[in-house]
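Just input.txt here, compact mmCIF, C-alpha atoms:
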# COMPACT_ATOMS: atom_id res chain seq x y z
CA MET A 26 257.43 79.25 199.32
CA ALA A 27 256.60 75.77 198.12
CA GLY A 28 252.95 76.53 197.34
CA MET A 29 249.98 74.20 197.49
CA THR A 30 249.65 71.15 195.26
CA LEU A 31 246.66 69.57 193.56
CA GLU A 32 247.14 66.51 195.74
CA GLN A 33 246.88 68.66 198.88
CA LEU A 34 243.68 70.24 197.56
CA LYS A 35 242.15 66.82 196.87
CA ILE A 36 243.01 65.68 200.38
CA PHE A 37 241.69 68.89 201.92
CA LEU A 38 238.35 68.55 200.06
CA ALA A 39 237.97 64.96 201.18
CA VAL A 40 238.49 65.99 204.81
CA ALA A 41 236.12 68.96 204.42
CA GLN A 42 233.40 66.74 202.98
CA ASN A 43 233.80 63.96 205.54
CA LEU A 44 234.88 66.08 208.53
CA HIS A 45 236.95 63.08 209.47
CA PHE A 46 240.61 62.33 208.73
CA THR A 47 240.31 58.54 208.71
CA ARG A 48 237.26 58.48 206.42
CA ALA A 49 239.01 60.90 204.04
CA ALA A 50 242.04 58.58 203.97
CA GLU A 51 239.85 55.58 203.20
CA GLU A 52 238.09 57.46 200.42
CA LEU A 53 241.41 58.42 198.80
CA TYR A 54 243.13 55.05 199.47
CA ILE A 55 245.98 56.68 201.37
CA THR A 56 247.11 56.49 205.01
CA GLN A 57 245.65 58.63 207.76
CA PRO A 58 249.10 60.12 208.61
CA ALA A 59 249.41 61.22 204.97
CA VAL A 60 246.09 63.08 205.26
CA SER A 61 247.13 64.72 208.54
CA ALA A 62 250.48 65.75 207.07
CA ALA A 63 248.84 67.35 204.00
CA ILE A 64 246.49 69.44 206.14
CA HIS A 65 249.28 70.37 208.58
CA ASN A 66 251.54 71.50 205.72
CA LEU A 67 248.82 73.71 204.25
CA GLU A 68 248.13 75.30 207.62
CA GLN A 69 251.84 75.87 208.25
CA GLU A 70 252.47 77.25 204.76
CA TYR A 71 249.78 79.94 205.01
CA GLY A 72 249.59 80.47 208.77
CA VAL A 73 245.89 79.67 209.04
CA LYS A 74 243.67 77.10 210.70
CA LEU A 75 241.65 75.09 208.21
CA PHE A 76 239.95 72.94 210.84
CA HIS A 77 239.21 73.29 214.53
CA ARG A 78 240.07 70.14 216.51
CA ILE A 79 237.36 69.65 219.15
CA GLY A 80 238.08 66.49 221.12
CA ARG A 81 237.88 63.63 218.62
CA HIS A 82 235.87 65.73 216.17
CA ILE A 83 236.78 68.48 213.72
CA GLU A 84 234.91 71.50 212.40
CA ILE A 85 235.82 73.49 209.32
CA ALA A 86 237.25 76.93 210.11
CA GLU A 87 236.61 80.18 208.25
CA ALA A 88 239.79 79.79 206.20
CA GLY A 89 238.73 76.23 205.42
CA LYS A 90 235.35 77.40 204.09
CA LEU A 91 237.10 79.82 201.74
CA LEU A 92 239.54 77.17 200.54
CA GLN A 93 236.74 74.62 200.04
CA VAL A 94 234.97 76.85 197.52
CA GLU A 95 238.10 77.84 195.63
CA ALA A 96 239.67 74.36 195.70
CA GLN A 97 236.56 72.85 194.11
CA LYS A 98 236.70 75.45 191.31
CA ILE A 99 240.39 74.70 190.71
CA LEU A 100 239.92 70.93 190.57
CA ASP A 101 236.86 71.26 188.31
CA GLN A 102 238.87 73.39 185.90
CA VAL A 103 241.78 70.95 185.97
CA SER A 104 239.37 68.11 185.18
CA LEU A 105 237.93 70.02 182.21
CA THR A 106 241.41 70.85 180.94
CA GLU A 107 242.47 67.21 181.17
CA ARG A 108 239.39 66.17 179.24
CA GLY A 109 240.10 68.79 176.60
CA LEU A 110 243.66 67.53 176.15
CA ARG A 111 242.49 63.93 175.85
CA GLU A 112 240.15 64.96 173.06
CA LEU A 113 243.03 66.14 170.88
CA ASN A 114 242.98 62.74 169.24
CA ASN A 115 240.20 63.16 166.65
CA LEU A 116 237.61 62.25 169.29
CA GLN A 117 238.82 58.68 169.54
CA ARG A 118 238.32 58.69 173.29
CA GLY A 119 236.91 60.94 176.00
CA GLU A 120 233.80 61.37 178.12
CA LEU A 121 230.54 63.22 177.54
CA LYS A 122 228.34 64.05 180.54
CA LEU A 123 224.67 64.51 179.76
CA GLY A 124 221.74 65.32 182.02
CA SER A 125 218.21 64.63 180.79
CA SER A 126 214.70 64.94 182.10
CA LEU A 127 212.87 61.63 182.30
CA THR A 128 210.68 61.59 179.19
CA ILE A 129 213.48 62.76 176.91
CA GLY A 130 216.00 60.41 178.50
CA ASN A 131 213.81 57.33 178.31
CA TYR A 132 212.15 57.81 174.93
CA TRP A 133 213.90 60.36 172.70
CA LEU A 134 217.55 60.57 173.66
CA PRO A 135 218.62 56.88 173.35
CA SER A 136 218.48 56.94 169.55
CA LYS A 137 220.58 60.13 169.50
CA ILE A 138 223.18 58.56 171.78
CA SER A 139 223.27 55.42 169.61
CA GLU A 140 223.79 57.53 166.50
CA PHE A 141 226.64 59.41 168.18
CA LYS A 142 228.26 56.21 169.48
CA SER A 143 228.20 54.69 166.00
CA GLN A 144 230.35 57.60 164.78
CA TYR A 145 232.55 57.83 167.89
CA PRO A 146 232.68 54.33 169.46
CA GLY A 147 235.54 55.19 171.81
CA ILE A 148 233.59 57.90 173.59
CA GLN A 149 232.08 57.16 177.00
CA ILE A 150 228.68 58.77 177.54
CA ASP A 151 227.48 59.26 181.10
CA CYS A 152 223.78 60.22 181.15
CA THR A 153 221.91 61.15 184.34
CA LEU A 154 218.10 61.15 184.39
CA ALA A 155 216.13 63.39 186.77
CA ASN A 156 213.30 65.92 186.68
CA ALA A 157 213.73 69.07 184.60
CA GLU A 158 214.50 71.34 187.56
CA THR A 159 217.28 69.05 188.82
CA ILE A 160 218.86 68.88 185.36
CA CYS A 161 218.80 72.68 185.01
CA VAL A 162 220.45 73.17 188.40
CA GLY A 163 223.00 70.43 187.67
CA THR A 164 223.94 72.02 184.35
CA ALA A 165 224.33 75.39 186.05
CA MET A 166 226.60 73.77 188.66
CA GLY A 167 228.80 72.16 185.99
CA GLN A 168 227.71 68.55 186.60
CA PHE A 169 226.68 68.11 182.95
CA ASP A 170 228.22 69.25 179.66
CA LEU A 171 224.74 69.49 178.18
CA GLY A 172 221.24 69.18 179.58
CA LEU A 173 218.04 68.22 177.79
CA VAL A 174 214.72 69.20 179.34
CA GLU A 175 211.09 69.60 178.31
CA GLY A 176 210.31 72.11 181.06
CA ASP A 177 211.07 75.81 181.12
CA VAL A 178 214.34 77.16 182.47
CA LYS A 179 213.50 79.11 185.63
CA PRO A 180 214.16 82.88 185.46
CA ALA A 181 216.83 82.62 188.19
CA LEU A 182 218.95 80.39 185.90
CA GLN A 183 218.34 82.09 182.56
CA ASN A 184 221.41 84.33 182.92
CA THR A 185 223.52 81.25 183.66
CA LEU A 186 222.13 78.82 181.11
CA GLU A 187 221.88 79.12 177.35
CA TYR A 188 218.94 77.17 175.94
CA GLU A 189 217.74 76.26 172.46
CA ILE A 190 214.92 74.14 171.04
CA VAL A 191 216.17 70.91 169.43
CA ALA A 192 212.92 68.94 169.10
CA SER A 193 209.25 68.93 170.02
CA ASP A 194 206.75 66.58 171.53
CA ARG A 195 203.01 66.46 172.08
CA LEU A 196 201.20 65.91 175.34
CA GLN A 197 198.07 63.82 175.08
CA ILE A 198 195.20 63.34 177.48
CA VAL A 199 194.98 59.60 177.94
CA VAL A 200 192.59 57.18 179.67
CA GLY A 201 192.37 53.43 180.21
CA GLN A 202 189.76 50.98 178.94
CA LYS A 203 187.55 51.29 182.04
CA HIS A 204 187.18 55.04 181.72
CA PRO A 205 183.98 56.30 180.00
CA TRP A 206 186.01 58.59 177.75
CA PHE A 207 187.69 55.52 176.23
CA GLU A 208 184.59 54.83 174.12
CA TRP A 209 183.96 58.46 173.29
CA GLY A 210 187.36 59.34 171.84
CA GLU A 211 186.79 63.08 172.24
CA ILE A 212 185.39 65.51 174.80
CA ASP A 213 184.71 69.22 175.22
CA LEU A 214 187.05 71.43 177.23
CA SER A 215 184.34 71.84 179.87
CA GLN A 216 184.42 68.08 180.57
CA LEU A 217 188.03 68.16 181.79
CA THR A 218 186.77 69.06 185.27
CA GLN A 219 184.42 66.07 185.39
CA THR A 220 186.90 63.21 185.95
CA PRO A 221 189.60 62.25 188.47
CA TRP A 222 193.16 63.16 187.41
CA VAL A 223 196.57 61.58 187.87
CA MET A 224 199.31 64.24 187.83
CA ARG A 225 203.08 64.57 187.94
CA VAL A 226 204.97 66.55 190.57
CA ARG A 227 205.31 70.30 189.98
CA GLU A 228 209.05 70.00 189.18
CA SER A 229 208.24 67.81 186.16
CA GLY A 230 208.51 69.44 182.74
CA THR A 231 205.43 67.49 181.66
CA GLN A 232 203.40 68.90 184.53
CA GLN A 233 204.62 72.44 183.91
CA ARG A 234 203.52 72.28 180.28
CA PHE A 235 200.17 70.67 181.15
CA GLU A 236 199.38 73.40 183.68
CA GLU A 237 200.27 76.07 181.11
CA ALA A 238 197.83 74.45 178.65
CA LEU A 239 195.08 74.45 181.26
CA GLN A 240 195.63 78.16 181.90
CA ASN A 241 195.50 78.86 178.16
CA TRP A 242 192.17 77.02 178.04
CA GLY A 243 190.82 79.09 180.91
CA ILE A 244 190.90 76.22 183.43
CA ASN A 245 192.46 76.56 186.86
CA LEU A 246 194.32 73.52 188.18
CA SER A 247 192.31 73.77 191.42
CA GLU A 248 189.16 72.99 189.41
CA LEU A 249 190.45 69.49 188.60
CA ASN A 250 189.91 66.53 190.92
CA VAL A 251 193.54 65.46 191.39
CA ILE A 252 193.57 62.10 193.18
CA LEU A 253 197.18 60.98 192.66
CA VAL A 254 200.53 62.74 192.12
CA PHE A 255 203.56 60.75 190.93
CA THR A 256 207.24 61.50 190.39
CA SER A 257 207.41 59.59 187.08
CA GLY A 258 205.33 59.30 183.94
CA GLU A 259 205.60 55.51 184.08
CA MET A 260 203.78 55.49 187.42
CA ALA A 261 201.06 57.79 186.08
CA LYS A 262 200.68 55.61 182.99
CA ALA A 263 200.34 52.45 185.07
CA ALA A 264 197.69 54.06 187.29
CA ILE A 265 195.40 55.08 184.45
CA GLU A 266 195.98 51.80 182.59
CA ASN A 267 194.43 50.13 185.63
CA GLY A 268 191.37 52.34 185.40
CA VAL A 269 192.11 55.35 187.58
CA GLY A 270 191.19 58.69 186.01
CA ALA A 271 192.93 60.55 183.19
CA THR A 272 196.40 62.01 182.78
CA GLY A 273 198.33 64.38 180.51
CA ILE A 274 201.35 62.50 179.21
CA SER A 275 203.93 62.53 176.44
CA GLU A 276 202.90 60.97 173.14
CA LEU A 277 206.26 59.19 173.15
CA MET A 278 205.47 57.41 176.41
CA VAL A 279 202.14 55.89 175.38
CA LYS A 280 202.71 55.10 171.72
CA LYS A 281 202.95 51.35 172.36
CA GLU A 282 199.96 51.19 174.71
CA ILE A 283 197.77 53.12 172.27
CA GLN A 284 198.73 50.73 169.47
CA LEU A 285 197.85 47.78 171.74
CA GLY A 286 194.56 49.37 172.71
CA THR A 287 195.14 49.41 176.47
CA LEU A 288 195.11 53.22 176.48
CA ARG A 289 193.37 55.77 174.29
CA ALA A 290 194.33 59.35 173.53
CA ILE A 291 191.34 61.67 173.93
CA ARG A 292 190.93 64.60 171.59
CA VAL A 293 189.73 67.78 173.29
CA ILE A 294 187.31 70.00 171.37
CA ASP A 295 187.98 73.69 171.92
CA ASN A 296 184.40 74.93 171.68
CA ARG A 297 185.06 78.34 173.18
CA GLU A 298 183.97 81.37 171.19
CA GLY A 299 186.85 83.09 169.42
CA ASN A 300 189.12 80.05 169.45
CA GLY A 301 190.25 80.68 165.90
CA ALA A 302 188.10 78.07 164.16
CA MET A 303 186.36 79.13 160.93
CA PRO A 304 182.63 79.80 161.45
CA THR A 305 181.67 77.23 158.84
CA ALA A 306 184.15 74.61 160.05
CA SER A 307 184.07 72.13 162.90
CA TYR A 308 185.38 73.24 166.26
CA ALA A 309 189.16 73.18 166.63
CA TYR A 310 190.98 70.56 168.68
CA ALA A 311 192.94 71.81 171.69
CA GLU A 312 196.52 70.52 171.48
CA ILE A 313 199.57 70.69 173.73
CA VAL A 314 202.82 70.86 171.78
CA ARG A 315 205.94 71.33 173.87
CA PRO A 316 209.57 71.98 172.94
CA PHE A 317 212.61 69.96 174.00
CA PHE A 318 215.38 72.33 175.11
CA LYS A 319 219.12 71.78 174.92
CA ILE A 320 220.78 73.71 177.74
CA LYS A 321 224.39 74.53 178.54
CA HIS A 322 226.34 76.89 180.77
CA ARG A 323 226.94 80.29 179.17
CA GLN A 324 230.51 80.68 180.46
CA ARG A 325 231.98 77.29 181.33
CA PHE A 326 234.55 75.71 179.03
CA GLN A 327 232.81 73.48 176.47
CA THR A 328 234.64 70.34 175.41
CA ALA A 329 235.00 69.35 171.77
CA LEU A 330 232.84 66.28 172.43
CA SER A 331 230.06 68.44 173.80
CA LYS A 332 230.21 70.70 170.73
CA VAL A 333 230.01 67.76 168.33
CA PHE A 334 227.06 66.17 170.15
CA GLU A 335 225.32 69.54 170.32
CA GLN A 336 225.77 70.04 166.58
CA MET A 337 224.33 66.58 165.92
CA LEU A 338 221.18 67.50 167.86
CA ILE A 339 220.82 70.78 165.95
CA SER A 340 221.34 69.02 162.61
CA SER A 341 218.70 66.46 163.54
CA MET A 342 216.23 69.26 164.18
CA LEU A 343 217.03 71.00 160.89
CA ASP A 344 216.54 67.70 159.04
CA GLY A 345 213.03 67.57 160.47
CA SER A 346 213.51 64.20 162.17
CA HIS A 347 212.33 65.69 165.47
CA HIS A 348 208.85 66.51 164.28
CA LEU A 349 205.94 64.41 165.49
CA SER A 350 202.78 64.13 163.45
CA VAL A 351 199.83 66.16 164.71
CA ILE A 352 196.26 64.89 164.38
Exercise: express the given structure as structure tokens:
Amino acid sequence: MAGMTLEQLKIFLAVAQNLHFTRAAEELYITQPAVSAAIHNLEQEYGVKLFHRIGRHIEIAEAGKLLQVEAQKILDQVSLTERGLRELNNLQRGELKLGSSLTIGNYWLPSKISEFKSQYPGIQIDCTLANAETICVGTAMGQFDLGLVEGDVKPALQNTLEYEIVASDRLQIVVGQKHPWFEWGEIDLSQLTQTPWVMRVRESGTQQRFEEALQNWGINLSELNVILVFTSGEMAKAAIENGVGATGISELMVKKEIQLGTLRAIRVIDNREGNGAMPTASYAYAEIVRPFFKIKHRQRFQTALSKVFEQMLISSMLDGSHHLSVI
């Protein structure tokens, strides 16, 4: 028995994904007869049908569905092994795959990547930005060596993903110059329901944390007048900068605009009874501090590069460089 080869598995997966021999050949830069021969040899070797030929079309057979799942696992493991072998050179070359939610990826992570690259200039870093839920799922599926998110890891993934706090951030309630709160600078909790709101989509880590804060303050999201919902913080920021409502947004995202005076962060007075403030003191300010989580798969092979980058993030947290001042 000759057995299957990695090349045959790659060809099979290309056909399974395209359901077309010619397109698979074009994708792999080989001839169509070479693709047909690889599939024919696999079918002959194991006495199964991987694809049903229906006229000029093909459909994947039951045996093909089984092989598709297992072949992908095999090729993923081979890829990880190759990367591990390439790293046995004192980290002079290799690739690190990161996934990051948008706020972290745009405002916090770049300095960490720059620091890492200064120590390991030969390393290629591939960073994908998406919402927190997408990054969690991608890390669970093995698309990323490490993920960085500001939202919670859903219960369904907590057995698959290991997560740890590596930094923190503050959400601020922010308005533009045309908003009446801009002149006030602070409001009571009860006034949160008295203005239009610009929100992020529910999959956003920022939105998840903001909704948790509202619940902790005894406010239901349905009580707010939500007039716009955006997929990115940049869009929400632009909307309120032009005079539309208020939004809850990362302190990192609006630092420049606040310094320029085009936006203002509004302090929220927690004037509820039993909020923890001393009887003789002023009312406490309601704040939203959120953690940044580093996530990784609990069981997948972790490359040396991933371990070194992970340790750098942990060291940064222990040094205190992650901490943001709190008013």
Q: Considering only C-alpha atoms, state which residue in the set A:Leu186, A:Val103, A:Leu171, A:Ala157 is at the smallest distance from Arg323 in chain A.
A: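 That would be A:Leu186, the residue with the smallest distance to Arg323 in chain A.
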Q. Excluding same-chain residues fewer than 5 positions from Tyr145 in chain A, what lies within 12 Å of it counting all atoms listed in the file, as a list in words?
A. Glu112, Asn114, Asn115, Leu116, Gln117, Arg118, Gly119, Glu120, Leu121, Ile138, Ser139, Glu140, Ile150, Leu330, Val333 and Phe334 of chain A
Okay, now the selection with C-alpha atoms, as a tab-separated table (two decimals), in the frame of the given file?
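Resulting contents of selection-v1.tsv:
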chain	number	residue	atom	x	y	z
A	112	GLU	CA	240.15	64.96	173.06
A	114	ASN	CA	242.98	62.74	169.24
A	115	ASN	CA	240.20	63.16	166.65
A	116	LEU	CA	237.61	62.25	169.29
A	117	GLN	CA	238.82	58.68	169.54
A	118	ARG	CA	238.32	58.69	173.29
A	119	GLY	CA	236.91	60.94	176.00
A	120	GLU	CA	233.80	61.37	178.12
A	121	LEU	CA	230.54	63.22	177.54
A	138	ILE	CA	223.18	58.56	171.78
A	139	SER	CA	223.27	55.42	169.61
A	140	GLU	CA	223.79	57.53	166.50
A	150	ILE	CA	228.68	58.77	177.54
A	330	LEU	CA	232.84	66.28	172.43
A	333	VAL	CA	230.01	67.76	168.33
A	334	PHE	CA	227.06	66.17	170.15
Q: Using only C-alpha atoms, pick whichever of A:Ile148, A:Ile198, A:Leu123, A:Ala50 has the shortest atom-to-atom distance to Phe169 in chain A.
A: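 Using only C-alpha atoms, Phe169 in chain A sits closest to A:Leu123.
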Please, which residues in range 213-303 of chain A fall within 10 Å of range 175-180 of chain A when counting all atoms listed in the file, and what is the closest atom pair and distance in Å to one decimal for each, ordered by chain then residue number, as CSV?
residue,atom,partner,partner_atom,distance
A:Glu228,CA,A:Gly176,CA,8.5
A:Ser229,CA,A:Gly176,CA,7.0
A:Gly230,CA,A:Gly176,CA,3.6
A:Thr231,CA,A:Gly176,CA,6.7
A:Gln232,CA,A:Gly176,CA,8.4
A:Gln233,CA,A:Gly176,CA,6.4
A:Arg234,CA,A:Gly176,CA,6.8
Could you dump the residues just selected with C-alpha atoms as a CSV table (one decimal), in the frame of the given file?
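Dumped to result.csv:
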chain,number,residue,atom,x,y,z
A,228,GLU,CA,209.0,70.0,189.2
A,229,SER,CA,208.2,67.8,186.2
A,230,GLY,CA,208.5,69.4,182.7
A,231,THR,CA,205.4,67.5,181.7
A,232,GLN,CA,203.4,68.9,184.5
A,233,GLN,CA,204.6,72.4,183.9
A,234,ARG,CA,203.5,72.3,180.3
(Q) Could you list, as an NGL selection string, every residue within 10 Å of range 127-134 of chain A, counting all atoms listed in the file and ignoring same-chain residues fewer than 4 positions away? (A) :A and (123 or 138-140 or 152-157 or 160 or 173-175 or 192 or 194 or 229-231 or 256-259 or 274-278 or 317-318 or 338 or 347)
Would you list the contacts of Leu239 in chain A as a CSV table (one decimal) with C-alpha atoms, in the frame of the given file, taking every protein, DNA or RNA residue within 12 Å and counting all atoms listed in the file, but skipping same-chain residues closer than 5 positions in sequence?
chain,number,residue,atom,x,y,z
A,198,ILE,CA,195.2,63.3,177.5
A,214,LEU,CA,187.0,71.4,177.2
A,215,SER,CA,184.3,71.8,179.9
A,217,LEU,CA,188.0,68.2,181.8
A,218,THR,CA,186.8,69.1,185.3
A,232,GLN,CA,203.4,68.9,184.5
A,233,GLN,CA,204.6,72.4,183.9
A,234,ARG,CA,203.5,72.3,180.3
A,244,ILE,CA,190.9,76.2,183.4
A,245,ASN,CA,192.5,76.6,186.9
A,246,LEU,CA,194.3,73.5,188.2
A,247,SER,CA,192.3,73.8,191.4
A,248,GLU,CA,189.2,73.0,189.4
A,249,LEU,CA,190.4,69.5,188.6
A,273,GLY,CA,198.3,64.4,180.5
A,293,VAL,CA,189.7,67.8,173.3
A,295,ASP,CA,188.0,73.7,171.9
A,311,ALA,CA,192.9,71.8,171.7
A,312,GLU,CA,196.5,70.5,171.5
A,313,ILE,CA,199.6,70.7,173.7
Q. Near Asp101 in chain A, within 12 Å and counting only C-alpha atoms, which residues show up once chain neighbours fewer than 4 positions away are dropped, as a count of residues only?
A. 17
Q: Rounded to one decimal place, report the CA of Lys281 in chain A-CA of Ile265 in chain A distance in Å.
A: 14.7 Å
Q: Identify, on the basis of all atoms listed in the file, every residue whose closest approach to Gln33 in chain A does not exceed 9 Å; exclude the query and any residue fewer than 3 positions from it along the same chain; express the result as number ranges by chain.
A: A: 29-30, 36-38, 60, 63-64, 66-67
Just-selected residues, C-alpha atoms written as a compact mmCIF listing (two decimals), in the frame of the given file:
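Generated file (out35.txt):
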# COMPACT_ATOMS: atom_id res chain seq x y z
CA MET A 29 249.98 74.20 197.49
CA THR A 30 249.65 71.15 195.26
CA ILE A 36 243.01 65.68 200.38
CA PHE A 37 241.69 68.89 201.92
CA LEU A 38 238.35 68.55 200.06
CA VAL A 60 246.09 63.08 205.26
CA ALA A 63 248.84 67.35 204.00
CA ILE A 64 246.49 69.44 206.14
CA ASN A 66 251.54 71.50 205.72
CA LEU A 67 248.82 73.71 204.25
Q.
I'd like to know which of A:Glu51, A:Asp213, A:Glu335, A:Glu87 is closest to Asn296 in chain A, using all atoms listed in the file.
A.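 Among the listed residues, A:Asp213 lies closest to Asn296 in chain A.
In this structure, CA of Gln144 in chain A sits 16.3 Å away from CA of Ile339 in chain A.
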**Q.** Selected residue of minimal separation from Arg111 in chain A among A:Lys203, A:Gly147, A:Gly89, A:Gly286, counting only C-alpha atoms
**A.** A:Gly147
If I wrap all listed atoms of range 99-109 of chain A in a box with edges along x, y and z and add 5 Å on each side, what are its centre and edge lengths in Å to one decimal, as AutoDock Vina command-line options?
--center_x 239.7 --center_y 70.4 --center_z 183.7 --size_x 15.6 --size_y 18.5 --size_z 24.1
Q: Find the distance between CA of Ala329 in chain A and CA of Pro146 in chain A and write it in Å to one decimal.
A: 15.4 Å
Q) Between A:Thr272, A:Asn184, A:Gln42, A:Thr159, which has the minimum distance to Gln324 in chain A (counting only C-alpha atoms)? A)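 Nearest to Gln324 in chain A: A:Asn184.
Of the residues listed (A:Gly124, A:Gln149, A:Glu32, A:Phe141), A:Gly124 shows the shortest atom-to-atom separation from Cys161 in chain A; distances use only C-alpha atoms.
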